[in-house]
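A.B. asks: Please see the structure below; I have some questions.
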Amino acid sequence: MPQTMTLDEKLAISMKACALYQAGDVEGFSRTIRTAPLPPYLAKIYKEKIGLEQLIKSGWNLSEAEAEFGSDWLAR
């Protein structure tokens with residue numbers, strides 16, 4: 001089962017992403033923010049709305065959704 005990030009780890013990612021955005025590095029912001037786990041409820045909605053392939057291609061960290069819904073949730 002994947003480990004979930006602590007709140008401090010998520011906040012550190014958010015702070016780094018915000019600093020990149022403020023510096024004008026939108027690509028760096030996007031790349032960095034996607035390393036934080038996408039909340040499970042959003043992952044589920046994205047899977048339904050944009051489809052499995054697009055969700056996977058998006059590069060979001062899906063570890064918390066996997067922990068909540070099971071390791072096979074993408075295939076279901």
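In the structure tokens, each chain is lettered A, B, ... as it comes, each chain's residues begin at 1, and ligands are numbered from 1 in order of appearance.
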Can you list every residue in chain A that DSSP puts in alpha helix (DSSP H), as a PDB file with C-alpha atoms, in the first residue's frame?
C.D. replies:
```
ATOM      1  CA  LEU A   7       0.624  17.668   5.836  1.00  0.00           C
ATOM      2  CA  ASP A   8       4.070  19.254   6.226  1.00  0.00           C
ATOM      3  CA  GLU A   9       5.293  17.488   3.071  1.00  0.00           C
ATOM      4  CA  LYS A  10       2.234  18.680   1.124  1.00  0.00           C
ATOM      5  CA  LEU A  11       2.694  22.231   2.377  1.00  0.00           C
ATOM      6  CA  ALA A  12       6.381  22.192   1.392  1.00  0.00           C
ATOM      7  CA  ILE A  13       5.417  21.160  -2.150  1.00  0.00           C
ATOM      8  CA  SER A  14       2.768  23.878  -2.277  1.00  0.00           C
ATOM      9  CA  MET A  15       5.214  26.523  -1.068  1.00  0.00           C
ATOM     10  CA  LYS A  16       7.810  25.486  -3.641  1.00  0.00           C
ATOM     11  CA  ALA A  17       5.180  25.495  -6.396  1.00  0.00           C
ATOM     12  CA  CYS A  18       3.934  28.958  -5.379  1.00  0.00           C
ATOM     13  CA  ALA A  19       7.489  30.317  -5.407  1.00  0.00           C
ATOM     14  CA  LEU A  20       7.997  28.947  -8.929  1.00  0.00           C
ATOM     15  CA  TYR A  21       4.721  30.495 -10.088  1.00  0.00           C
ATOM     16  CA  GLN A  22       5.601  33.865  -8.564  1.00  0.00           C
ATOM     17  CA  VAL A  26       4.550  28.189 -14.888  1.00  0.00           C
ATOM     18  CA  GLU A  27       5.924  24.881 -16.205  1.00  0.00           C
ATOM     19  CA  GLY A  28       7.916  24.380 -12.998  1.00  0.00           C
ATOM     20  CA  PHE A  29       4.830  25.223 -10.970  1.00  0.00           C
ATOM     21  CA  SER A  30       2.723  22.682 -12.863  1.00  0.00           C
ATOM     22  CA  ARG A  31       5.367  19.973 -12.636  1.00  0.00           C
ATOM     23  CA  THR A  32       5.913  20.569  -8.901  1.00  0.00           C
ATOM     24  CA  ILE A  33       2.274  20.839  -7.809  1.00  0.00           C
ATOM     25  CA  PRO A  40      -9.056  10.924  -3.744  1.00  0.00           C
ATOM     26  CA  TYR A  41     -12.411  12.562  -4.411  1.00  0.00           C
ATOM     27  CA  LEU A  42     -10.873  14.683  -7.183  1.00  0.00           C
ATOM     28  CA  ALA A  43      -9.069  11.700  -8.679  1.00  0.00           C
ATOM     29  CA  LYS A  44     -12.379   9.851  -8.837  1.00  0.00           C
ATOM     30  CA  ILE A  45     -14.140  12.808 -10.481  1.00  0.00           C
ATOM     31  CA  TYR A  46     -11.287  13.331 -12.962  1.00  0.00           C
ATOM     32  CA  LYS A  47     -11.358   9.641 -13.871  1.00  0.00           C
ATOM     33  CA  GLU A  48     -15.096   9.891 -14.587  1.00  0.00           C
ATOM     34  CA  LYS A  49     -14.969  13.235 -16.411  1.00  0.00           C
ATOM     35  CA  ILE A  50     -11.712  13.187 -18.406  1.00  0.00           C
ATOM     36  CA  LEU A  52      -8.564   7.029 -17.410  1.00  0.00           C
ATOM     37  CA  GLU A  53      -5.999   7.656 -20.143  1.00  0.00           C
ATOM     38  CA  GLN A  54      -6.046  11.440 -19.701  1.00  0.00           C
ATOM     39  CA  LEU A  55      -5.855  11.136 -15.901  1.00  0.00           C
ATOM     40  CA  ILE A  56      -2.767   8.960 -16.171  1.00  0.00           C
ATOM     41  CA  LYS A  57      -1.197  11.254 -18.806  1.00  0.00           C
ATOM     42  CA  SER A  58      -1.809  14.272 -16.563  1.00  0.00           C
ATOM     43  CA  SER A  63      -1.064   7.650  -4.250  1.00  0.00           C
ATOM     44  CA  GLU A  64      -3.832   8.780  -1.891  1.00  0.00           C
ATOM     45  CA  ALA A  65      -6.574   7.643  -4.280  1.00  0.00           C
ATOM     46  CA  GLU A  66      -4.800   4.305  -4.564  1.00  0.00           C
ATOM     47  CA  ALA A  67      -4.593   4.045  -0.770  1.00  0.00           C
ATOM     48  CA  GLU A  68      -8.280   4.875  -0.364  1.00  0.00           C
ATOM     49  CA  PHE A  69      -9.790   2.982  -3.310  1.00  0.00           C
TER      50      PHE A  69
END
```
